[in-house]
Each structure stands twice: as structure tokens, then as C-alpha cells.
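Here is the file structure.txt (compact mmCIF, C-alpha atoms).
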```
# COMPACT_ATOMS: atom_id res chain seq x y z
CA LYS A 93 -12.21 -40.13 -121.41
CA ASN A 94 -13.00 -40.63 -117.73
CA GLN A 95 -11.00 -43.55 -116.39
CA VAL A 96 -10.08 -45.16 -113.09
CA GLU A 97 -7.07 -47.46 -113.07
CA GLN A 98 -6.10 -49.66 -110.16
CA SER A 99 -2.88 -51.47 -109.39
CA PRO A 100 -1.84 -54.10 -108.82
CA GLN A 101 -4.50 -56.30 -110.42
CA SER A 102 -3.88 -58.93 -107.77
CA LEU A 103 -1.82 -59.26 -104.64
CA ILE A 104 -0.94 -62.07 -102.23
CA ILE A 105 0.29 -61.28 -98.72
CA LEU A 106 0.80 -63.14 -95.46
CA GLU A 107 -1.56 -62.61 -92.57
CA GLY A 108 -0.38 -59.81 -90.30
CA LYS A 109 1.44 -57.93 -93.05
CA ASN A 110 0.51 -54.48 -94.36
CA CYS A 111 -0.27 -53.63 -97.96
CA THR A 112 -1.11 -50.62 -100.12
CA LEU A 113 -3.40 -50.57 -103.13
CA GLN A 114 -3.24 -47.81 -105.72
CA CYS A 115 -5.86 -45.92 -107.70
CA ASN A 116 -5.12 -43.37 -110.45
CA TYR A 117 -7.94 -41.48 -112.09
CA THR A 118 -8.57 -39.13 -114.97
CA VAL A 119 -12.06 -37.96 -114.13
CA SER A 120 -13.43 -34.49 -114.56
CA PRO A 121 -15.19 -32.90 -112.88
CA PHE A 122 -14.28 -34.56 -109.58
CA SER A 123 -16.87 -34.90 -106.83
CA ASN A 124 -15.56 -37.59 -104.49
CA LEU A 125 -13.57 -40.82 -104.38
CA ARG A 126 -14.79 -44.03 -102.77
CA TRP A 127 -13.23 -47.32 -101.84
CA TYR A 128 -15.37 -50.46 -101.68
CA LYS A 129 -14.62 -54.00 -100.52
CA GLN A 130 -16.26 -56.82 -102.45
CA ASP A 131 -16.16 -60.35 -101.07
CA THR A 132 -16.49 -63.15 -103.61
CA GLY A 133 -20.13 -63.64 -104.58
CA ARG A 134 -21.31 -60.58 -102.65
CA GLY A 135 -22.11 -56.96 -103.40
CA PRO A 136 -19.57 -54.17 -102.75
CA VAL A 137 -19.48 -52.62 -99.28
CA SER A 138 -18.34 -49.04 -98.73
CA LEU A 139 -15.09 -48.45 -96.83
CA THR A 140 -14.50 -44.71 -97.25
CA ILE A 141 -15.68 -41.66 -99.17
CA MET A 142 -13.34 -38.68 -99.61
CA THR A 143 -14.06 -35.28 -101.05
CA PHE A 144 -11.60 -32.94 -102.76
CA SER A 145 -10.50 -31.34 -99.49
CA GLU A 146 -9.82 -34.58 -97.59
CA ASN A 147 -6.31 -36.07 -97.67
CA THR A 148 -6.79 -39.05 -95.39
CA LYS A 149 -9.67 -41.06 -94.05
CA SER A 150 -9.60 -44.15 -91.86
CA ASN A 151 -12.04 -46.96 -91.20
CA GLY A 152 -10.52 -49.33 -88.66
CA ARG A 153 -7.48 -50.97 -90.23
CA TYR A 154 -8.21 -49.34 -93.59
CA THR A 155 -6.71 -45.93 -94.35
CA ALA A 156 -7.37 -44.16 -97.63
CA THR A 157 -5.36 -41.21 -98.92
CA LEU A 158 -6.18 -38.79 -101.69
CA ASP A 159 -3.89 -36.48 -103.64
CA ALA A 160 -6.21 -34.41 -105.80
CA ASP A 161 -3.29 -32.65 -107.50
CA THR A 162 -1.79 -35.84 -108.90
CA LYS A 163 -5.19 -37.58 -109.11
CA GLN A 164 -4.01 -40.52 -107.07
CA SER A 165 -5.47 -42.41 -104.14
CA SER A 166 -4.23 -45.31 -102.08
CA LEU A 167 -5.82 -47.74 -99.67
CA HIS A 168 -3.54 -49.00 -96.91
CA ILE A 169 -4.48 -52.12 -94.98
CA THR A 170 -2.73 -52.60 -91.65
CA ALA A 171 -2.12 -55.95 -89.95
CA SER A 172 -4.02 -57.90 -92.58
CA GLN A 173 -6.44 -60.66 -91.63
CA LEU A 174 -7.76 -63.63 -93.57
CA SER A 175 -11.11 -61.84 -93.81
CA ASP A 176 -9.45 -59.05 -95.80
CA SER A 177 -9.26 -61.41 -98.78
CA ALA A 178 -11.53 -59.69 -101.29
CA SER A 179 -11.56 -57.35 -104.26
CA TYR A 180 -11.06 -53.66 -103.50
CA ILE A 181 -12.70 -51.25 -105.88
CA CYS A 182 -11.92 -47.56 -106.35
CA VAL A 183 -14.80 -45.41 -107.57
CA VAL A 184 -14.66 -41.76 -108.62
CA SER A 185 -17.79 -39.68 -108.76
CA SER A 186 -17.93 -36.86 -111.28
CA GLY A 187 -21.31 -35.60 -110.15
CA THR A 188 -24.60 -36.84 -108.85
CA TYR A 189 -25.33 -40.23 -110.37
CA LYS A 190 -22.06 -40.31 -112.32
CA TYR A 191 -19.75 -43.01 -110.98
CA ILE A 192 -16.66 -44.41 -112.69
CA PHE A 193 -15.61 -47.77 -111.27
CA GLY A 194 -12.13 -49.25 -111.42
CA THR A 195 -11.72 -52.93 -112.19
CA GLY A 196 -10.47 -53.65 -108.69
CA THR A 197 -7.48 -55.22 -106.96
CA ARG A 198 -7.94 -58.81 -105.90
CA LEU A 199 -6.24 -59.35 -102.51
CA LYS A 200 -5.50 -62.78 -101.09
CA VAL A 201 -4.30 -63.05 -97.48
CA LEU A 202 -2.60 -66.32 -96.61
CA ALA A 203 -2.26 -67.85 -93.15
CA ASN B 93 -33.31 -54.26 -91.32
CA ALA B 94 -32.44 -56.29 -94.43
CA GLY B 95 -30.78 -53.46 -96.42
CA VAL B 96 -31.01 -54.14 -100.16
CA THR B 97 -32.51 -57.43 -101.29
CA GLN B 98 -32.55 -58.90 -104.79
CA THR B 99 -34.39 -61.81 -106.37
CA PRO B 100 -33.62 -64.19 -107.87
CA LYS B 101 -30.03 -65.04 -106.90
CA PHE B 102 -29.43 -67.12 -110.02
CA GLN B 103 -31.23 -67.37 -113.36
CA VAL B 104 -30.64 -69.14 -116.65
CA LEU B 105 -32.51 -67.88 -119.71
CA LYS B 106 -32.64 -68.89 -123.34
CA THR B 107 -32.02 -66.24 -125.97
CA GLY B 108 -35.22 -64.29 -126.57
CA GLN B 109 -36.84 -65.02 -123.22
CA SER B 110 -37.83 -62.22 -120.90
CA MET B 111 -37.50 -61.79 -117.17
CA THR B 112 -37.67 -59.19 -114.40
CA LEU B 113 -35.08 -58.75 -111.68
CA GLN B 114 -36.55 -57.48 -108.44
CA CYS B 115 -34.90 -55.15 -105.93
CA ALA B 116 -36.14 -53.70 -102.67
CA GLN B 117 -34.55 -51.54 -99.97
CA ASP B 118 -35.72 -50.75 -96.46
CA MET B 119 -33.45 -47.77 -95.72
CA ASN B 120 -35.87 -45.11 -96.98
CA HIS B 121 -33.37 -44.04 -99.67
CA ASN B 122 -34.58 -41.84 -102.50
CA SER B 123 -32.01 -43.03 -105.06
CA MET B 124 -31.76 -46.52 -106.50
CA TYR B 125 -29.50 -48.00 -109.19
CA TRP B 126 -29.00 -51.02 -111.39
CA TYR B 127 -25.45 -52.08 -112.35
CA ARG B 128 -23.93 -54.94 -114.24
CA GLN B 129 -20.53 -56.43 -113.46
CA ASP B 130 -18.57 -58.31 -116.10
CA PRO B 131 -15.16 -59.99 -115.79
CA GLY B 132 -12.28 -57.55 -116.29
CA MET B 133 -14.56 -54.52 -116.24
CA GLY B 134 -15.72 -52.14 -113.57
CA LEU B 135 -19.36 -51.99 -112.58
CA ARG B 136 -21.40 -50.16 -115.20
CA LEU B 137 -24.59 -48.25 -114.52
CA ILE B 138 -27.61 -49.46 -116.49
CA TYR B 139 -30.36 -47.23 -115.10
CA TYR B 140 -30.92 -45.18 -112.00
CA SER B 141 -33.86 -43.61 -110.23
CA ALA B 142 -33.21 -40.37 -108.41
CA SER B 143 -36.54 -40.53 -106.63
CA GLU B 144 -39.87 -42.29 -106.74
CA GLY B 145 -41.50 -41.73 -110.12
CA THR B 146 -38.31 -40.89 -112.02
CA THR B 147 -35.87 -43.06 -113.96
CA ASP B 148 -32.88 -42.20 -116.13
CA LYS B 149 -30.50 -44.04 -118.42
CA GLY B 150 -27.01 -44.84 -117.30
CA GLU B 151 -23.99 -45.92 -119.30
CA VAL B 152 -25.39 -49.17 -120.80
CA PRO B 153 -29.21 -49.02 -120.98
CA ASN B 154 -29.80 -50.80 -124.31
CA GLY B 155 -31.86 -53.97 -123.97
CA TYR B 156 -33.20 -53.08 -120.51
CA ASN B 157 -36.20 -51.33 -119.01
CA VAL B 158 -36.83 -50.32 -115.41
CA SER B 159 -39.74 -49.49 -113.16
CA ARG B 160 -39.62 -47.59 -109.88
CA LEU B 161 -42.71 -49.16 -108.41
CA ASN B 162 -42.59 -47.16 -105.18
CA LYS B 163 -39.91 -45.75 -102.89
CA ARG B 164 -38.80 -49.24 -101.83
CA GLU B 165 -38.79 -51.16 -105.09
CA PHE B 166 -36.89 -50.81 -108.37
CA SER B 167 -37.13 -53.57 -110.98
CA LEU B 168 -35.05 -54.30 -114.07
CA ARG B 169 -36.64 -56.02 -117.07
CA LEU B 170 -34.98 -57.81 -119.95
CA GLU B 171 -37.58 -58.00 -122.73
CA SER B 172 -35.64 -60.28 -125.08
CA ALA B 173 -32.51 -61.68 -123.46
CA ALA B 174 -29.28 -61.94 -125.44
CA PRO B 175 -26.04 -63.80 -124.61
CA SER B 176 -24.33 -60.39 -124.23
CA GLN B 177 -26.54 -59.82 -121.20
CA THR B 178 -24.91 -62.68 -119.32
CA SER B 179 -23.57 -60.89 -116.26
CA VAL B 180 -23.93 -60.32 -112.54
CA TYR B 181 -26.52 -57.65 -111.79
CA PHE B 182 -26.39 -55.50 -108.69
CA CYS B 183 -29.02 -53.20 -107.32
CA ALA B 184 -27.97 -50.37 -105.01
CA SER B 185 -29.58 -47.56 -103.08
CA SER B 186 -28.32 -44.37 -101.47
CA VAL B 187 -28.89 -40.91 -100.22
CA PRO B 188 -27.42 -38.71 -103.01
CA HIS B 189 -23.68 -37.96 -102.53
CA TYR B 190 -23.41 -40.58 -99.80
CA GLU B 191 -22.34 -44.20 -99.85
CA GLN B 192 -24.23 -46.66 -101.97
CA TYR B 193 -25.55 -49.85 -100.41
CA PHE B 194 -25.47 -52.84 -102.73
CA GLY B 195 -27.60 -55.94 -102.82
CA PRO B 196 -26.15 -59.46 -103.03
CA GLY B 197 -26.46 -59.65 -106.82
CA THR B 198 -28.23 -61.79 -109.41
CA ARG B 199 -26.09 -64.06 -111.55
CA LEU B 200 -27.75 -64.29 -114.99
CA THR B 201 -26.72 -66.64 -117.78
CA VAL B 202 -28.27 -66.35 -121.24
CA THR B 203 -27.71 -69.35 -123.51
```

Output the structure of this file as C-alpha cells.
Amino acid sequence: KNQVEQSPQSLIILEGKNCTLQCNYTVSPFSNLRWYKQDTGRGPVSLTIMTFSENTKSNGRYTATLDADTKQSSLHITASQLSDSASYICVVSSGTYKYIFGTGTRLKVLA
Amino acid sequence: NAGVTQTPKFQVLKTGQSMTLQCAQDMNHNSMYWYRQDPGMGLRLIYYSASEGTTDKGEVPNGYNVSRLNKREFSLRLESAAPSQTSVYFCASSVPHYEQYFGPGTRLTVT
């Protein structure tokens, strides 16, 4: 069964600190992997999209990595800000119009 | 450039009532999607439209119908609402294989 699992479920960090969120998937075939940020009460917003051949992709303070051999991805947030408080969702595409969403990691950044 | 817009933002229905959720995008995207998001679960695809004039079932289509009115608009209809359809509904649009742009969501409660 195609699945995307994220850890931790929730995380609290102090402003200015770094953190790493994990995503493990069992999806076949694999097309690409996406990370989204979802603020409370809003729709998800895309952070990165990575294909099979990409190991790392950055978007400002967000850096995503992909290990297609172990079927793992991580999202690293550098120098966190209060505005980073949100849910972060990992999504794996197994073809056009086939998207498997993880349940997300809820991040809280404290001042 | 408003992106993806959805109406209404909130709705309360009684069991058996019907309603239509409206979605429009101004990015000239061919593909549009309807998702539902429930606590503890990843977003699940209800229906999608690859292009104007076509619609296809997603993972959880039962109890819903859709209409791709034109390239801009994609509506979701609940013919006879049930409490199990209480959820947050998101519309999205994209160019195939590229990032999806999500609307702000409709929070629906069925009593």
C-alpha cells in the first residue's frame, strides 16, 4: 500500500534554532516528492519539488533532501522564525494526478 | 492576480441538504483538483479535472459530483450531505507535474 509517514508529529523549538523534519515513503512508482507549508486555517503552499535525480533543493531557509534508495526525505529549517510555525506536509507523486499526502508535522516556534 | 479562490469559507448543513462549493483560478492552469482534509489524515483527492471538459474520480469520490464549467472554474456538489462529509475542502490548480496552488479552503459542518 502506498504510504507517506512523517515524523515527528509535532515539534516545539525556540526562535533562531534549526530543526529537521522527516518523511519516509513506500510509494511506487515514484514520480516526485514535494514539501508544503500549511499555516493554520489556510491552504498548503509549495516549498520544494524534487525528482528522482535530485538530492537537495533549497528555498530560502528551507532545504529539502531526498534519498531515493532508502525512500527518505528531510526538510531542514535554518534559523527558525515565528512565522515558520505551521504544519509541514510531505507529498509523494506516483504519476500524473496521483498524490499521496503525509499527515504532516506541526511545528511551533517560540520566542 | 488572486490565485485560487473558494466560496463559501464556512458552511453548516443539515443531513440531506445539498450545496455546491465553488472554485476559480486565474493562473490559466489546465488541471484542477478537489481535496478534503480531515484531522489525523493526509489530504485526500475527491475528483480532479485534467483539462476543460474532463473530470475523473480520485480516492474518495462517493457522495460528490463535480463540474468543470470552463478553464477557470471547477465546482464540487454534495447532493445529500452526510455527517461523514464534515471536513475542510480545498480546491487546487496546477500545470501537470508542477506545484499545486491551493485555495483557502471551505470548512463544512454537516449536522

Distance query stretch 155-161 of chain A at most 12 Å, only C-alpha atoms, self and fewer than 5 positions along chain excluded, as a compact mmCIF listing (two decimals) with C-alpha atoms, in the frame of the given file:
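Final output, out-v6.txt:
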```
# COMPACT_ATOMS: atom_id res chain seq x y z
CA ASN A 110 0.51 -54.48 -94.36
CA CYS A 111 -0.27 -53.63 -97.96
CA THR A 112 -1.11 -50.62 -100.12
CA LEU A 113 -3.40 -50.57 -103.13
CA GLN A 114 -3.24 -47.81 -105.72
CA CYS A 115 -5.86 -45.92 -107.70
CA ASN A 116 -5.12 -43.37 -110.45
CA TYR A 117 -7.94 -41.48 -112.09
CA THR A 118 -8.57 -39.13 -114.97
CA VAL A 119 -12.06 -37.96 -114.13
CA SER A 120 -13.43 -34.49 -114.56
CA PRO A 121 -15.19 -32.90 -112.88
CA PHE A 122 -14.28 -34.56 -109.58
CA SER A 123 -16.87 -34.90 -106.83
CA ASN A 124 -15.56 -37.59 -104.49
CA LEU A 125 -13.57 -40.82 -104.38
CA ARG A 126 -14.79 -44.03 -102.77
CA TRP A 127 -13.23 -47.32 -101.84
CA TYR A 128 -15.37 -50.46 -101.68
CA LEU A 139 -15.09 -48.45 -96.83
CA THR A 140 -14.50 -44.71 -97.25
CA ILE A 141 -15.68 -41.66 -99.17
CA MET A 142 -13.34 -38.68 -99.61
CA THR A 143 -14.06 -35.28 -101.05
CA PHE A 144 -11.60 -32.94 -102.76
CA SER A 145 -10.50 -31.34 -99.49
CA GLU A 146 -9.82 -34.58 -97.59
CA ASN A 147 -6.31 -36.07 -97.67
CA THR A 148 -6.79 -39.05 -95.39
CA LYS A 149 -9.67 -41.06 -94.05
CA SER A 150 -9.60 -44.15 -91.86
CA SER A 166 -4.23 -45.31 -102.08
CA LEU A 167 -5.82 -47.74 -99.67
CA HIS A 168 -3.54 -49.00 -96.91
CA ILE A 169 -4.48 -52.12 -94.98
CA THR A 170 -2.73 -52.60 -91.65
CA ALA A 171 -2.12 -55.95 -89.95
CA TYR A 180 -11.06 -53.66 -103.50
CA CYS A 182 -11.92 -47.56 -106.35
CA VAL A 184 -14.66 -41.76 -108.62
```

Item to complete: Using all atoms listed in the file, find which residues of chain B lie within 12 Å of chain A and jot them down as a VMD selection string.
Response: chain B and resid 95 to 98 101 to 102 123 to 143 147 to 151 180 to 199

Item to complete: Work out how far apart atom CA of B:Ala173 and atom CA of B:Glu144 are and give it in Å to one decimal.
Response: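 Calculated distance between atom CA of B:Ala173 and atom CA of B:Glu144 is 26.6 Å.
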
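Surrounding stretch 109-119 of chain B within 7 Å are Asn93, Ala94, Gly95, Val96, Thr97, Gln98, Thr99, Pro100, Leu105, Lys106, Arg164, Glu165, Phe166, Ser167, Leu168, Arg169, Leu170, Glu171, Ser172, Ala173 and Cys183 of chain B, with only C-alpha atoms counted and residues fewer than 3 positions along the same chain left out.
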
Item to complete: For atom CA of A:Lys93 and atom CA of B:Val152, determine how far apart the two atoms are, in Å to one decimal place.
Response: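 Distance between the two atoms: 16.0 Å.
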
Fill in: Interatomic distance (Å, one decimal) between atom CA of A:Glu107 and atom CA of A:Tyr154
14.9 Å

Discussion item. Please return as a ChimeraX atom specification every residue within 8 Å of (-8.1, -61.7, -103.8), taking into account all atoms listed in the file and the file's own coordinates.
Written reply: /A:102-104,177-179,197-201

Any chance you can output those residues with C-alpha atoms as a tab-separated table (two decimals), in the frame of the given file?
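In the end it all went to selection.tsv:
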```tsv
chain	number	residue	atom	x	y	z
A	102	SER	CA	-3.88	-58.93	-107.77
A	103	LEU	CA	-1.82	-59.26	-104.64
A	104	ILE	CA	-0.94	-62.07	-102.23
A	177	SER	CA	-9.26	-61.41	-98.78
A	178	ALA	CA	-11.53	-59.69	-101.29
A	179	SER	CA	-11.56	-57.35	-104.26
A	197	THR	CA	-7.48	-55.22	-106.96
A	198	ARG	CA	-7.94	-58.81	-105.90
A	199	LEU	CA	-6.24	-59.35	-102.51
A	200	LYS	CA	-5.50	-62.78	-101.09
A	201	VAL	CA	-4.30	-63.05	-97.48
```

Can you sort out the box for stretch 182-201 of chain B, edges along x, y and z, all listed atoms in, 3 Å on every side, with centre and edge lengths in Å to one decimal, as AutoDock Vina command-line options?
```
--center_x -26.0 --center_y -52.3 --center_z -108.8 --size_x 13.2 --size_y 34.7 --size_z 24.0
```

Item to complete: Rank B:Asn162, B:Val104, B:Tyr156, B:Leu200 by their smallest atom-to-atom distance to B:Asn122, using all atoms listed in the file, and report the top residue only.
Response: B:Asn162

Because some atoms of stretch 98-120 of chain A are absent here, can you restore N, CA and C atoms and send them as an mmCIF file, keeping the file's coordinate frame?
```
data_model
loop_
_atom_site.group_PDB
_atom_site.id
_atom_site.type_symbol
_atom_site.label_atom_id
_atom_site.label_comp_id
_atom_site.auth_asym_id
_atom_site.auth_seq_id
_atom_site.Cartn_x
_atom_site.Cartn_y
_atom_site.Cartn_z
ATOM 1 N N GLN A 98 -6.563 -49.166 -111.447
ATOM 2 C CA GLN A 98 -6.100 -49.660 -110.160
ATOM 3 C C GLN A 98 -4.913 -50.602 -110.346
ATOM 4 N N SER A 99 -4.022 -50.564 -109.373
ATOM 5 C CA SER A 99 -2.880 -51.470 -109.390
ATOM 6 C C SER A 99 -2.528 -51.875 -107.959
ATOM 7 N N PRO A 100 -1.968 -53.086 -107.781
ATOM 8 C CA PRO A 100 -1.840 -54.100 -108.820
ATOM 9 C C PRO A 100 -3.204 -54.739 -109.115
ATOM 10 N N GLN A 101 -3.253 -55.581 -110.132
ATOM 11 C CA GLN A 101 -4.500 -56.300 -110.420
ATOM 12 C C GLN A 101 -4.787 -57.315 -109.334
ATOM 13 N N SER A 102 -3.722 -57.954 -108.841
ATOM 14 C CA SER A 102 -3.880 -58.930 -107.770
ATOM 15 C C SER A 102 -2.657 -58.890 -106.875
ATOM 16 N N LEU A 103 -2.853 -59.360 -105.652
ATOM 17 C CA LEU A 103 -1.820 -59.260 -104.640
ATOM 18 C C LEU A 103 -2.008 -60.390 -103.638
ATOM 19 N N ILE A 104 -0.901 -61.020 -103.252
ATOM 20 C CA ILE A 104 -0.940 -62.070 -102.230
ATOM 21 C C ILE A 104 -0.010 -61.636 -101.106
ATOM 22 N N ILE A 105 -0.533 -61.637 -99.878
ATOM 23 C CA ILE A 105 0.290 -61.280 -98.720
ATOM 24 C C ILE A 105 0.039 -62.267 -97.596
ATOM 25 N N LEU A 106 0.972 -62.287 -96.619
ATOM 26 C CA LEU A 106 0.800 -63.140 -95.460
ATOM 27 C C LEU A 106 0.009 -62.409 -94.387
ATOM 28 N N GLU A 107 -0.766 -63.162 -93.674
ATOM 29 C CA GLU A 107 -1.560 -62.610 -92.570
ATOM 30 C C GLU A 107 -0.667 -61.820 -91.627
ATOM 31 N N GLY A 108 -1.155 -60.658 -91.214
ATOM 32 C CA GLY A 108 -0.380 -59.810 -90.300
ATOM 33 C C GLY A 108 0.427 -58.736 -91.007
ATOM 34 N N LYS A 109 0.668 -58.921 -92.298
ATOM 35 C CA LYS A 109 1.440 -57.930 -93.050
ATOM 36 C C LYS A 109 0.545 -56.775 -93.491
ATOM 37 N N ASN A 110 1.202 -55.644 -93.822
ATOM 38 C CA ASN A 110 0.510 -54.480 -94.360
ATOM 39 C C ASN A 110 0.562 -54.496 -95.878
ATOM 40 N N CYS A 111 -0.348 -53.779 -96.509
ATOM 41 C CA CYS A 111 -0.270 -53.630 -97.960
ATOM 42 C C CYS A 111 -0.926 -52.313 -98.374
ATOM 43 N N THR A 112 -0.562 -51.865 -99.575
ATOM 44 C CA THR A 112 -1.110 -50.620 -100.120
ATOM 45 C C THR A 112 -1.590 -50.858 -101.536
ATOM 46 N N LEU A 113 -2.809 -50.453 -101.806
ATOM 47 C CA LEU A 113 -3.400 -50.570 -103.130
ATOM 48 C C LEU A 113 -3.500 -49.167 -103.742
ATOM 49 N N GLN A 114 -3.301 -49.093 -105.055
ATOM 50 C CA GLN A 114 -3.240 -47.810 -105.720
ATOM 51 C C GLN A 114 -4.418 -47.581 -106.651
ATOM 52 N N CYS A 115 -4.782 -46.310 -106.788
ATOM 53 C CA CYS A 115 -5.860 -45.920 -107.700
ATOM 54 C C CYS A 115 -5.466 -44.602 -108.362
ATOM 55 N N ASN A 116 -5.381 -44.588 -109.680
ATOM 56 C CA ASN A 116 -5.120 -43.370 -110.450
ATOM 57 C C ASN A 116 -6.356 -43.070 -111.287
ATOM 58 N N TYR A 117 -6.723 -41.806 -111.356
ATOM 59 C CA TYR A 117 -7.940 -41.480 -112.090
ATOM 60 C C TYR A 117 -7.739 -40.271 -113.000
ATOM 61 N N THR A 118 -8.466 -40.291 -114.083
ATOM 62 C CA THR A 118 -8.570 -39.130 -114.970
ATOM 63 C C THR A 118 -10.051 -38.883 -115.141
ATOM 64 N N VAL A 119 -10.622 -38.212 -114.156
ATOM 65 C CA VAL A 119 -12.060 -37.960 -114.130
ATOM 66 C C VAL A 119 -12.279 -36.479 -113.897
ATOM 67 N N SER A 120 -13.120 -35.909 -114.712
ATOM 68 C CA SER A 120 -13.430 -34.490 -114.560
ATOM 69 C C SER A 120 -14.872 -34.234 -114.935
#
```
